[in-house]
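Raw contents of structure19.csv, CSV, C-alpha atoms and all ligand atoms:
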chain,number,residue,atom,x,y,z
A,1,MET,CA,-38.9,23.3,-14.7
A,2,THR,CA,-37.0,24.1,-17.9
A,3,GLU,CA,-35.6,21.4,-20.1
A,4,PRO,CA,-31.8,21.2,-20.0
A,5,HIS,CA,-30.1,22.7,-23.0
A,6,GLU,CA,-28.8,20.2,-25.5
A,7,SER,CA,-25.1,21.2,-25.0
A,8,ASP,CA,-25.6,20.8,-21.2
A,9,LEU,CA,-26.9,17.3,-21.8
A,10,ARG,CA,-23.9,16.6,-23.9
A,11,THR,CA,-21.6,17.8,-21.2
A,12,LEU,CA,-23.4,15.7,-18.6
A,13,GLU,CA,-23.1,12.6,-20.9
A,14,LYS,CA,-19.4,13.2,-21.4
A,15,ARG,CA,-18.9,13.6,-17.7
A,16,ALA,CA,-20.8,10.3,-17.1
A,17,ARG,CA,-18.6,8.6,-19.7
A,18,ASP,CA,-15.5,10.0,-18.2
A,19,ALA,CA,-16.6,8.8,-14.7
A,20,ARG,CA,-17.0,5.3,-16.0
A,21,ARG,CA,-13.6,5.3,-17.9
A,22,PRO,CA,-10.8,3.9,-15.8
A,23,ARG,CA,-8.5,6.6,-14.4
A,24,VAL,CA,-5.6,4.2,-14.1
A,25,ASP,CA,-3.9,2.3,-16.9
A,26,ASP,CA,-3.6,-1.3,-15.6
A,27,GLY,CA,-0.4,-1.8,-17.7
A,28,ASP,CA,1.8,-4.4,-16.0
A,29,GLY,CA,0.0,-3.9,-12.7
A,30,LEU,CA,-0.3,-7.0,-10.5
A,31,VAL,CA,-2.2,-4.8,-8.0
A,32,VAL,CA,-4.4,-2.1,-9.5
A,33,CYS,CA,-6.6,0.3,-7.4
A,34,ASP,CA,-8.5,2.8,-9.4
A,35,ASN,CA,-10.6,5.5,-7.8
A,36,LEU,CA,-11.0,3.3,-4.8
A,37,VAL,CA,-13.5,4.4,-2.2
A,38,ARG,CA,-14.3,3.0,1.3
A,39,VAL,CA,-16.9,4.6,3.4
A,40,TYR,CA,-17.5,3.4,6.9
A,41,ARG,CA,-21.1,4.1,8.2
A,42,THR,CA,-21.8,3.9,11.8
A,43,GLU,CA,-25.1,5.1,13.4
A,44,GLU,CA,-24.0,8.8,13.8
A,45,VAL,CA,-21.2,9.3,11.4
A,46,GLU,CA,-19.8,8.5,8.0
A,47,VAL,CA,-16.1,8.2,7.6
A,48,GLN,CA,-14.5,8.3,4.2
A,49,ALA,CA,-11.5,6.1,4.8
A,50,LEU,CA,-10.5,5.9,1.2
A,51,GLN,CA,-11.5,8.8,-1.1
A,52,GLY,CA,-10.6,7.8,-4.6
A,53,LEU,CA,-7.2,6.1,-4.2
A,54,ASP,CA,-5.2,5.2,-7.3
A,55,LEU,CA,-2.3,2.8,-7.1
A,56,VAL,CA,-0.5,0.4,-9.5
A,57,VAL,CA,2.1,-2.0,-8.2
A,58,GLU,CA,3.9,-4.2,-10.7
A,59,LYS,CA,4.9,-7.8,-10.2
A,60,GLY,CA,8.1,-8.2,-8.1
A,61,GLU,CA,8.0,-4.7,-6.5
A,62,CYS,CA,8.5,-4.2,-2.8
A,63,VAL,CA,6.6,-1.0,-1.8
A,64,ALA,CA,6.4,0.8,1.5
A,65,LEU,CA,3.1,2.5,2.3
A,66,VAL,CA,3.4,5.4,4.7
A,67,GLY,CA,1.0,8.1,6.0
A,68,ALA,CA,-0.4,9.7,9.1
A,69,SER,CA,-2.6,7.8,11.5
A,70,GLY,CA,-6.1,7.5,10.1
A,71,SER,CA,-5.0,8.2,6.5
A,72,GLY,CA,-6.4,4.8,5.3
A,73,LYS,CA,-3.4,2.5,5.1
A,74,SER,CA,-5.0,-0.4,7.1
A,75,THR,CA,-8.3,0.1,5.2
A,76,LEU,CA,-6.4,-0.3,1.9
A,77,LEU,CA,-4.6,-3.5,3.1
A,78,SER,CA,-7.8,-5.1,4.4
A,79,ILE,CA,-9.4,-4.6,1.0
A,80,LEU,CA,-6.4,-6.0,-0.9
A,81,SER,CA,-6.2,-9.0,1.4
A,82,GLY,CA,-9.9,-9.8,0.7
A,83,HIS,CA,-11.0,-9.2,4.3
A,84,ASP,CA,-13.0,-6.1,3.5
A,85,LEU,CA,-15.0,-4.8,0.5
A,86,PRO,CA,-14.6,-1.3,-1.0
A,87,THR,CA,-17.7,0.9,-1.4
A,88,ALA,CA,-16.8,2.0,-5.0
A,89,GLY,CA,-14.1,2.1,-7.5
A,90,ARG,CA,-12.0,-0.7,-9.0
A,91,ALA,CA,-9.5,-3.1,-7.3
A,92,ARG,CA,-7.8,-5.9,-9.2
A,93,VAL,CA,-5.1,-8.2,-7.8
A,94,ALA,CA,-3.5,-10.9,-10.0
A,95,GLY,CA,-6.6,-11.0,-12.2
A,96,HIS,CA,-9.2,-11.1,-9.4
A,97,ASP,CA,-11.8,-8.3,-9.3
A,98,LEU,CA,-12.1,-7.6,-5.6
A,99,LEU,CA,-15.5,-6.0,-5.9
A,100,ALA,CA,-17.1,-8.7,-8.0
A,101,MET,CA,-15.6,-11.8,-6.2
A,102,GLY,CA,-18.1,-14.3,-4.9
A,103,ARG,CA,-17.6,-16.2,-1.6
A,104,ARG,CA,-15.8,-19.2,-3.1
A,105,GLU,CA,-13.4,-17.0,-5.2
A,106,ARG,CA,-12.7,-14.8,-2.2
A,107,LEU,CA,-11.8,-17.8,-0.1
A,108,GLY,CA,-9.5,-19.2,-2.7
A,109,TYR,CA,-8.0,-15.7,-3.2
A,110,ARG,CA,-7.2,-15.4,0.5
A,111,ARG,CA,-5.7,-18.9,0.6
A,112,HIS,CA,-3.6,-18.8,-2.6
A,113,THR,CA,-3.1,-15.3,-4.0
A,114,VAL,CA,-2.4,-13.2,-0.9
A,115,GLY,CA,-0.6,-13.6,2.4
A,116,PHE,CA,-1.1,-11.3,5.3
A,117,VAL,CA,1.0,-10.3,8.3
A,118,TRP,CA,-0.7,-8.3,11.2
A,119,GLN,CA,1.0,-5.9,13.4
A,120,GLN,CA,0.0,-7.7,16.6
A,121,THR,CA,2.4,-10.6,16.9
A,122,GLY,CA,-0.3,-12.6,18.8
A,123,ARG,CA,-2.7,-12.5,15.9
A,124,ASN,CA,-0.5,-14.2,13.4
A,125,LEU,CA,0.3,-17.6,15.0
A,126,LEU,CA,-1.7,-20.3,16.8
A,127,PRO,CA,-0.2,-20.5,20.4
A,128,TYR,CA,-0.5,-24.3,20.8
A,129,LEU,CA,1.4,-25.1,17.5
A,130,THR,CA,5.1,-25.0,17.0
A,131,ALA,CA,6.6,-22.7,14.4
A,132,LEU,CA,6.9,-25.5,11.9
A,133,GLU,CA,3.3,-26.6,12.5
A,134,ASN,CA,2.1,-23.0,12.1
A,135,VAL,CA,3.8,-22.7,8.8
A,136,ALA,CA,2.5,-26.1,7.6
A,137,LEU,CA,-1.1,-25.3,8.6
A,138,PRO,CA,-2.1,-23.1,5.6
A,139,MET,CA,-0.8,-25.8,3.2
A,140,LYS,CA,-3.6,-28.1,4.5
A,141,TYR,CA,-6.1,-25.9,2.7
A,142,THR,CA,-4.3,-26.1,-0.6
A,143,ARG,CA,-3.2,-29.1,-2.6
A,144,VAL,CA,0.2,-29.7,-1.0
A,145,PRO,CA,0.4,-33.4,-0.2
A,146,ARG,CA,0.6,-34.1,3.5
A,147,ARG,CA,4.1,-35.6,3.5
A,148,GLU,CA,5.5,-32.6,1.7
A,149,ARG,CA,4.1,-30.0,4.1
A,150,ALA,CA,6.7,-30.4,6.9
A,151,THR,CA,9.6,-30.4,4.4
A,152,ARG,CA,8.4,-27.2,2.7
A,153,ALA,CA,7.7,-25.5,6.0
A,154,ALA,CA,11.2,-26.3,7.2
A,155,GLU,CA,12.7,-25.0,3.9
A,156,LEU,CA,10.7,-21.8,4.3
A,157,LEU,CA,11.9,-21.3,7.9
A,158,ASP,CA,15.4,-21.8,6.6
A,159,VAL,CA,15.1,-19.3,3.8
A,160,LEU,CA,13.8,-16.7,6.3
A,161,GLY,CA,16.6,-17.3,8.7
A,162,ILE,CA,14.6,-18.9,11.6
A,163,ALA,CA,15.3,-22.6,11.2
A,164,HIS,CA,16.3,-22.6,14.9
A,165,CYS,CA,12.7,-21.8,15.9
A,166,ARG,CA,11.1,-24.7,14.2
A,167,ASP,CA,10.1,-26.8,17.2
A,168,ARG,CA,9.2,-23.9,19.5
A,169,ARG,CA,5.8,-22.5,20.3
A,170,PRO,CA,5.1,-18.8,19.9
A,171,ALA,CA,5.4,-18.2,23.7
A,172,GLU,CA,9.0,-19.5,23.5
A,173,LEU,CA,10.0,-17.0,20.7
A,174,SER,CA,10.9,-13.4,20.8
A,175,GLY,CA,8.5,-10.8,19.2
A,176,GLY,CA,10.9,-10.5,16.2
A,177,GLU,CA,11.1,-14.3,15.8
A,178,GLN,CA,7.3,-14.6,16.0
A,179,GLN,CA,6.9,-12.0,13.3
A,180,ARG,CA,9.5,-13.8,11.1
A,181,VAL,CA,7.5,-17.0,11.6
A,182,ALA,CA,4.4,-15.0,10.7
A,183,VAL,CA,6.1,-14.0,7.4
A,184,ALA,CA,6.7,-17.7,6.8
A,185,VAL,CA,3.1,-18.5,7.5
A,186,ALA,CA,1.9,-15.8,5.1
A,187,THR,CA,4.2,-17.1,2.4
A,188,ALA,CA,3.4,-20.8,3.0
A,189,ASN,CA,1.2,-21.1,-0.1
A,190,ALA,CA,3.5,-19.1,-2.3
A,191,PRO,CA,1.2,-16.1,-2.6
A,192,ARG,CA,1.7,-13.7,-5.5
A,193,VAL,CA,1.2,-10.7,-3.1
A,194,LEU,CA,2.4,-10.4,0.5
A,195,LEU,CA,0.7,-7.7,2.6
A,196,ALA,CA,2.1,-6.6,5.9
A,197,ASP,CA,0.4,-4.0,8.2
A,198,GLU,CA,3.1,-2.5,10.4
A,199,PRO,CA,4.8,-5.8,11.0
A,200,THR,CA,7.6,-4.2,12.9
A,201,GLY,CA,5.3,-1.8,14.9
A,202,GLU,CA,5.6,-3.7,18.2
A,203,LEU,CA,9.4,-4.4,17.9
A,204,ASP,CA,12.6,-2.7,18.8
A,205,THR,CA,14.8,-1.5,16.0
A,206,ALA,CA,17.1,-4.6,15.7
A,207,SER,CA,14.2,-7.1,15.7
A,208,GLY,CA,12.3,-4.8,13.2
A,209,GLU,CA,15.4,-5.0,10.9
A,210,ASP,CA,15.2,-8.9,11.0
A,211,VAL,CA,11.5,-8.9,10.2
A,212,PHE,CA,12.1,-6.5,7.3
A,213,ALA,CA,14.9,-8.7,6.1
A,214,ALA,CA,12.5,-11.7,6.0
A,215,LEU,CA,10.0,-9.6,4.0
A,216,ARG,CA,12.8,-8.8,1.5
A,217,ARG,CA,13.7,-12.4,1.2
A,218,ALA,CA,10.1,-13.2,0.5
A,219,ASN,CA,10.3,-10.6,-2.2
A,220,GLU,CA,13.7,-11.4,-3.7
A,221,GLU,CA,14.0,-15.1,-3.2
A,222,LEU,CA,10.4,-16.3,-3.2
A,223,GLY,CA,9.2,-13.9,-5.8
A,224,ALA,CA,6.3,-12.3,-3.8
A,225,THR,CA,5.3,-8.8,-4.6
A,226,VAL,CA,5.3,-7.0,-1.2
A,227,LEU,CA,3.3,-4.1,0.2
A,228,VAL,CA,4.3,-3.1,3.7
A,229,VAL,CA,2.7,-0.4,5.8
A,230,THR,CA,5.2,1.2,8.1
A,231,HIS,CA,5.9,4.1,10.4
A,232,ASP,CA,9.5,3.1,10.5
A,233,PRO,CA,11.9,5.3,8.4
A,234,LEU,CA,14.4,2.5,8.4
A,235,VAL,CA,12.0,0.3,6.4
A,236,SER,CA,10.9,3.0,4.1
A,237,GLU,CA,14.5,4.0,3.4
A,238,GLN,CA,15.4,0.5,2.3
A,239,VAL,CA,12.8,0.0,-0.4
A,240,ARG,CA,13.0,1.4,-3.8
A,241,ARG,CA,9.5,2.8,-3.8
A,242,THR,CA,7.6,4.5,-0.9
A,243,VAL,CA,4.0,5.6,-1.5
A,244,ARG,CA,2.5,8.2,0.8
A,245,ILE,CA,-1.2,8.1,1.6
A,246,ARG,CA,-2.9,11.3,2.7
A,247,ASP,CA,-6.6,11.6,3.5
A,248,GLY,CA,-7.5,8.3,1.8
A,249,ARG,CA,-5.6,9.0,-1.4
A,250,THR,CA,-2.1,8.3,-2.7
A,251,SER,CA,-0.2,11.6,-2.6
A,252,THR,CA,3.5,11.5,-3.2
A,253,GLU,CA,6.0,8.8,-4.0
A,254,THR,CA,9.7,8.5,-3.3
A,255,LEU,CA,11.8,6.4,-5.6
A,256,ARG,CA,15.3,5.4,-4.6
A,257,GLY,CA,18.1,4.0,-6.8
A,258,PRO,CA,20.0,0.8,-5.9
A,259,GLY,CA,21.6,1.0,-2.4
A,260,GLY,CA,18.9,3.3,-1.2
A,261,THR,CA,20.6,6.5,-2.4
A,262,ALA,CA,19.5,9.4,-4.5
A,263,ALA,CA,15.8,9.6,-3.6
A,264,GLU,CA,13.6,11.3,-6.1
A,265,GLU,CA,10.1,12.7,-5.3
A,266,TYR,CA,7.1,11.9,-7.4
A,267,THR,CA,3.5,12.8,-7.2
A,268,VAL,CA,0.4,11.5,-8.9
A,269,LEU,CA,-1.1,13.6,-11.6
A,270,ASP,CA,-4.8,12.7,-12.0
A,271,ARG,CA,-6.8,12.9,-15.2
A,272,ALA,CA,-8.0,16.4,-14.4
A,273,GLY,CA,-4.4,17.5,-14.1
A,274,ARG,CA,-4.4,17.9,-10.3
A,275,LEU,CA,-1.4,17.0,-8.3
A,276,GLN,CA,-0.4,17.3,-4.7
A,277,LEU,CA,3.0,18.8,-3.7
A,278,PRO,CA,4.9,17.2,-0.8
A,279,ARG,CA,4.4,19.1,2.4
A,280,ASP,CA,8.1,20.0,2.9
A,281,TYR,CA,8.2,21.5,-0.6
A,282,VAL,CA,5.2,23.6,0.1
A,283,ASP,CA,6.8,24.9,3.4
A,284,ARG,CA,10.4,25.2,1.9
A,285,TYR,CA,9.3,27.5,-1.0
A,286,GLY,CA,6.5,29.3,0.9
A,287,LEU,CA,3.9,28.1,-1.5
A,288,ARG,CA,0.4,29.0,-0.5
A,289,GLY,CA,-2.9,30.0,-2.1
A,290,ARG,CA,-2.3,30.9,-5.7
A,291,VAL,CA,1.0,29.8,-7.2
A,292,ARG,CA,2.5,30.8,-10.5
A,293,LEU,CA,3.3,28.3,-13.3
A,294,THR,CA,6.0,28.7,-15.9
A,295,ALA,CA,6.1,26.6,-19.0
A,296,GLU,CA,9.8,25.6,-19.6
A,297,PRO,CA,11.0,23.6,-22.6
A,298,ASP,CA,11.1,20.4,-20.7
A,299,HIS,CA,9.4,21.0,-17.4
A,300,VAL,CA,6.9,23.1,-15.5
A,301,GLY,CA,8.0,25.6,-12.8
A,302,VAL,CA,5.9,26.3,-9.8
A,303,TRP,CA,6.6,29.7,-8.1
A,304,PRO,CA,5.2,31.4,-5.0
A,305,ASP,CA,2.8,34.1,-6.0
A,306,GLY,CA,4.8,37.4,-6.2
A,307,SER,CA,8.1,35.9,-7.5
A,308,THR,CA,9.0,36.3,-11.1
A,309,GLY,CA,10.3,32.9,-12.1
A,310,ASP,CA,13.8,34.2,-12.9
A,311,GLY,CA,15.0,34.2,-9.3
A,312,THR,CA,14.1,37.8,-8.5
A,313,ASP,CA,11.2,39.1,-6.6
A,314,GLU,CA,8.4,41.1,-8.1
A,315,THR,CA,9.2,44.1,-5.9
A,316,ASP,CA,12.9,44.0,-7.0
A,317,ARG,CA,11.8,44.2,-10.6
A,318,ARG,CA,9.4,47.0,-10.0
A,319,GLY,CA,12.1,49.0,-8.2
A,320,ARG,CA,14.5,48.6,-11.1
B,401,LIG,N1,-14.4,-0.3,11.2
B,401,LIG,C1,-14.4,1.0,11.1
B,401,LIG,N2,-15.5,1.7,11.3
B,401,LIG,C2,-15.6,3.1,11.3
B,401,LIG,N3,-14.5,3.8,10.9
B,401,LIG,C3,-13.3,3.2,10.7
B,401,LIG,C4,-13.2,1.7,10.8
B,401,LIG,N4,-12.0,1.3,10.5
B,401,LIG,C5,-11.3,2.5,10.2
B,401,LIG,N5,-12.1,3.6,10.3
B,401,LIG,C6,-11.7,5.0,10.1
B,401,LIG,O1,-11.2,5.1,8.8
B,401,LIG,C7,-10.1,6.0,8.7
B,401,LIG,C8,-8.9,5.2,8.2
B,401,LIG,O2,-8.5,4.2,9.1
B,401,LIG,P1,-7.2,3.3,8.9
B,401,LIG,O3,-7.3,2.3,10.0
B,401,LIG,O4,-7.3,2.7,7.5
B,401,LIG,O5,-6.0,4.3,9.1
B,401,LIG,P2,-4.5,3.9,9.2
B,401,LIG,O6,-3.8,4.8,8.1
B,401,LIG,O7,-4.2,2.5,9.1
B,401,LIG,O8,-4.0,4.5,10.6
B,401,LIG,P3,-3.0,4.0,11.7
B,401,LIG,O9,-1.6,4.5,11.2
B,401,LIG,O10,-3.4,4.7,13.0
B,401,LIG,O11,-3.0,2.5,11.8
B,401,LIG,C9,-9.9,6.5,10.2
B,401,LIG,O12,-10.6,7.7,10.3
B,401,LIG,C10,-10.6,5.5,11.0
B,401,LIG,O13,-11.1,6.0,12.2
B,402,MG,MG,-3.4,1.1,10.5
Can the structure in the file be given as structure tokens, please?
Ligand SMILES: Nc1ncnc2c1ncn2[C@@H]1O[C@H](COP(=O)(O)OP(=O)(O)OP(=O)(O)O)[C@@H](O)[C@H]1O
Ligand SMILES: [Mg+2]
Amino acid sequence: MTEPHESDLRTLEKRARDARRPRVDDGDGLVVCDNLVRVYRTEEVEVQALQGLDLVVEKGECVALVGASGSGKSTLLSILSGHDLPTAGRARVAGHDLLAMGRRERLGYRRHTVGFVWQQTGRNLLPYLTALENVALPMKYTRVPRRERATRAAELLDVLGIAHCRDRRPAELSGGEQQRVAVAVATANAPRVLLADEPTGELDTASGEDVFAALRRANEELGATVLVVTHDPLVSEQVRRTVRIRDGRTSTETLRGPGGTAAEEYTVLDRAGRLQLPRDYVDRYGLRGRVRLTAEPDHVGVWPDGSTGDGTDETDRRGR
């Protein structure tokens, strides 16, 4: 075997240094995922559910996560909620390193820092407790004095518009009411981050709207940073930022101005300069295979191969 050349070694060392360097700038991020990987290994197969996902969410944001079935949305949420561990990469939430957390820190993290709402209404509430008791329960594990728990739980139900449900058990509530109580349970300990995995998935449109309104209140009035996975265009159209996950990575983002108008498309540019174009742009402009780039004074143009960049076709030009 021949010895590697010195310059090859230098290249390899540089690559190793680059691989260790964070890809994402934490900035003001309350939630920071950097090159996050989650591989599920079963006896026969290996599934790469997250394949180097980058995401920064700032304090106070309300973000919708969308993407095809199997793209990795639930996997991401279970990691952020402290239920699951990533295989590699970096994940920080409110100062907690999710890969390095020990058992005690993880338990505290799940009780204080994050709240979680599942899609299945039955999974969020204990059937033999009333709405008020369900909301008061998580406070038992924190330092809320006993006599304050019921008062605080009642206040929370009030803020989320479900005060009328306080003395009913889950079986006596509609699906939408159950999910709104679930939002109250998830916010009982004033978490910094509220995570919801398709919380409106089992509901009709009107009930889904009510649940989403409760999430917004948790965001706007209780100050929780919200990440909500949804297939519901009504939800993703109402948040300022929608992040699309494709094949275990964040692909494109849509940012809307106040009032939900004037959506702008964004995509993530990685350190190697790679970016993913939204599928409908690719289709609309017939982009495939090789595309042509033009350097403009203040932007880069992307053209289908064969067009000239000035609106005419290569064949037109040749015919002139
Ligand atoms: N426990 C597991 N063991 C093996 N593979 C898994 C496991 N959980 C998820 N996967 C696989 O990981 C990939 C991502 O799954 P995930 O549940 O995160 O997708 P999703 O975006 O939430 O999809 P959906 O919209 O259908 O809920 C899928 O291919 C899935 O089959
Ligand atoms: Mg899912």
**Report entry** d(atom CA of A:Ala295, atom CA of A:Leu255) in Å
**Finding:**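 Between atom CA of A:Ala295 and atom CA of A:Leu255 the gap works out to 24.9 Å.
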Query - Top pick for closest residue to A:Val117, considering A:Ser251, A:Thr151, A:Gln178, A:Thr130 and counting all atoms listed in the file - result: A:Gln178
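With distances restricted to all atoms listed in the file, A:Gly248 is the closest residue to A:Asp54 from A:Gly248, A:Gly306, A:Gly257, A:Pro86.
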Taking all atoms listed in the file into account, which residues are within 9 Å of ligand MG 402 (chain B), as a PDB file with C-alpha atoms, keeping the file's coordinate frame?
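Full text of out.pdb as output:
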ATOM      1  CA  SER A  69      -2.600   7.800  11.500  1.00  0.00           C
ATOM      2  CA  GLY A  70      -6.100   7.500  10.100  1.00  0.00           C
ATOM      3  CA  SER A  71      -5.000   8.200   6.500  1.00  0.00           C
ATOM      4  CA  GLY A  72      -6.400   4.800   5.300  1.00  0.00           C
ATOM      5  CA  LYS A  73      -3.400   2.500   5.100  1.00  0.00           C
ATOM      6  CA  SER A  74      -5.000  -0.400   7.100  1.00  0.00           C
ATOM      7  CA  THR A  75      -8.300   0.100   5.200  1.00  0.00           C
ATOM      8  CA  LEU A  77      -4.600  -3.500   3.100  1.00  0.00           C
ATOM      9  CA  GLN A 119       1.000  -5.900  13.400  1.00  0.00           C
ATOM     10  CA  ASP A 197       0.400  -4.000   8.200  1.00  0.00           C
ATOM     11  CA  GLU A 198       3.100  -2.500  10.400  1.00  0.00           C
ATOM     12  CA  VAL A 229       2.700  -0.400   5.800  1.00  0.00           C
ATOM     13  CA  THR A 230       5.200   1.200   8.100  1.00  0.00           C
TER      14      THR A 230
END
Query raised in the report: Neighbours of ligand LIG 401 (chain B) within 12 Å, counting only C-alpha atoms and all ligand atoms, as a PyMOL selection string?
Result: chain A and resi 37-51+65-79+83-86+118-120+196-199+201+228-232+244-250
Requested in this report: In the coordinate frame of the file, compute which residues have an atom within 6 Å of (14.3, 2.5, -4.3) when using only C-alpha atoms, and state them as a VMD selection string.
Outcome: chain A and resid 239 to 241 255 to 257 260
Requested in this report: Name the closest residue to A:Val282 among the candidates A:Val193, A:Val31, A:Ala182, A:Val302; distances are taken between atoms, counting only C-alpha atoms.
Outcome: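 Using only C-alpha atoms, A:Val282 sits closest to A:Val302.
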Query - Residues near A:Thr205, cut-off 12 Å, all atoms listed in the file, skip fewer than 2 positions along chain, as a ChimeraX atom specification - result: /A:175-176,199-203,207-212,231-235
Query - Spatial neighbours of A:Val93, 7 Å, all atoms listed in the file, chain gap at least 2 places, as a PyMOL selection string - result: chain A and resi 30-32+91+95-97
Report task. Would you please work out which residue, of A:Ala206, A:Val181, A:Arg147, A:Leu195, is nearest to A:Asn219 when using only C-alpha atoms? Result ->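 Using only C-alpha atoms, the shortest distance to A:Asn219 belongs to A:Leu195.
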Query raised in the report: So which residues touch A:Gln276 within 8 Å, counting only C-alpha atoms, skipping near sequence neighbours fewer than 3 positions away, as a PyMOL selection string?
Result: chain A and resi 251-252+267-269
Please reconstruct the missing atoms of stretch 218-239 of chain A (target: N, CA and C atoms) and return them as an mmCIF file, in the coordinates of the input.
data_model
loop_
_atom_site.group_PDB
_atom_site.id
_atom_site.type_symbol
_atom_site.label_atom_id
_atom_site.label_comp_id
_atom_site.auth_asym_id
_atom_site.auth_seq_id
_atom_site.Cartn_x
_atom_site.Cartn_y
_atom_site.Cartn_z
ATOM 1 N N ALA A 218 11.351 -12.771 1.124
ATOM 2 C CA ALA A 218 10.100 -13.200 0.500
ATOM 3 C C ALA A 218 9.939 -12.590 -0.854
ATOM 4 N N ASN A 219 10.368 -11.334 -0.940
ATOM 5 C CA ASN A 219 10.300 -10.600 -2.200
ATOM 6 C C ASN A 219 11.319 -11.072 -3.196
ATOM 7 N N GLU A 220 12.589 -11.119 -2.756
ATOM 8 C CA GLU A 220 13.700 -11.400 -3.700
ATOM 9 C C GLU A 220 13.847 -12.858 -4.022
ATOM 10 N N GLU A 221 13.687 -13.712 -3.009
ATOM 11 C CA GLU A 221 14.000 -15.100 -3.200
ATOM 12 C C GLU A 221 12.727 -15.947 -3.514
ATOM 13 N N LEU A 222 11.592 -15.558 -2.929
ATOM 14 C CA LEU A 222 10.400 -16.300 -3.200
ATOM 15 C C LEU A 222 9.489 -15.680 -4.218
ATOM 16 N N GLY A 223 9.866 -14.486 -4.646
ATOM 17 C CA GLY A 223 9.200 -13.900 -5.800
ATOM 18 C C GLY A 223 7.838 -13.204 -5.437
ATOM 19 N N ALA A 224 7.564 -12.982 -4.133
ATOM 20 C CA ALA A 224 6.300 -12.300 -3.800
ATOM 21 C C ALA A 224 6.410 -10.827 -3.984
ATOM 22 N N THR A 225 5.342 -10.233 -4.474
ATOM 23 C CA THR A 225 5.300 -8.800 -4.600
ATOM 24 C C THR A 225 4.828 -8.309 -3.178
ATOM 25 N N VAL A 226 5.573 -7.348 -2.598
ATOM 26 C CA VAL A 226 5.300 -7.000 -1.200
ATOM 27 C C VAL A 226 4.823 -5.572 -1.035
ATOM 28 N N LEU A 227 3.772 -5.429 -0.236
ATOM 29 C CA LEU A 227 3.300 -4.100 0.200
ATOM 30 C C LEU A 227 3.337 -4.059 1.680
ATOM 31 N N VAL A 228 4.133 -3.144 2.222
ATOM 32 C CA VAL A 228 4.300 -3.100 3.700
ATOM 33 C C VAL A 228 3.963 -1.711 4.209
ATOM 34 N N VAL A 229 2.987 -1.658 5.141
ATOM 35 C CA VAL A 229 2.700 -0.400 5.800
ATOM 36 C C VAL A 229 3.657 -0.220 6.927
ATOM 37 N N THR A 230 4.224 0.971 7.039
ATOM 38 C CA THR A 230 5.200 1.200 8.100
ATOM 39 C C THR A 230 5.290 2.611 8.551
ATOM 40 N N HIS A 231 5.623 2.766 9.835
ATOM 41 C CA HIS A 231 5.900 4.100 10.400
ATOM 42 C C HIS A 231 7.429 4.232 10.518
ATOM 43 N N ASP A 232 8.126 3.163 10.186
ATOM 44 C CA ASP A 232 9.500 3.100 10.500
ATOM 45 C C ASP A 232 10.380 3.593 9.340
ATOM 46 N N PRO A 233 11.073 4.726 9.536
ATOM 47 C CA PRO A 233 11.900 5.300 8.400
ATOM 48 C C PRO A 233 12.946 4.325 7.952
ATOM 49 N N LEU A 234 13.421 3.448 8.857
ATOM 50 C CA LEU A 234 14.400 2.500 8.400
ATOM 51 C C LEU A 234 13.926 1.548 7.357
ATOM 52 N N VAL A 235 12.643 1.209 7.455
ATOM 53 C CA VAL A 235 12.000 0.300 6.400
ATOM 54 C C VAL A 235 11.817 1.106 5.157
ATOM 55 N N SER A 236 11.181 2.285 5.280
ATOM 56 C CA SER A 236 10.900 3.000 4.100
ATOM 57 C C SER A 236 12.114 3.479 3.321
ATOM 58 N N GLU A 237 13.219 3.642 4.061
ATOM 59 C CA GLU A 237 14.500 4.000 3.400
ATOM 60 C C GLU A 237 15.133 2.899 2.641
ATOM 61 N N GLN A 238 14.719 1.672 2.954
ATOM 62 C CA GLN A 238 15.400 0.500 2.300
ATOM 63 C C GLN A 238 14.664 -0.015 1.104
ATOM 64 N N VAL A 239 13.471 0.496 0.821
ATOM 65 C CA VAL A 239 12.800 0.000 -0.400
ATOM 66 C C VAL A 239 12.934 1.008 -1.486
#
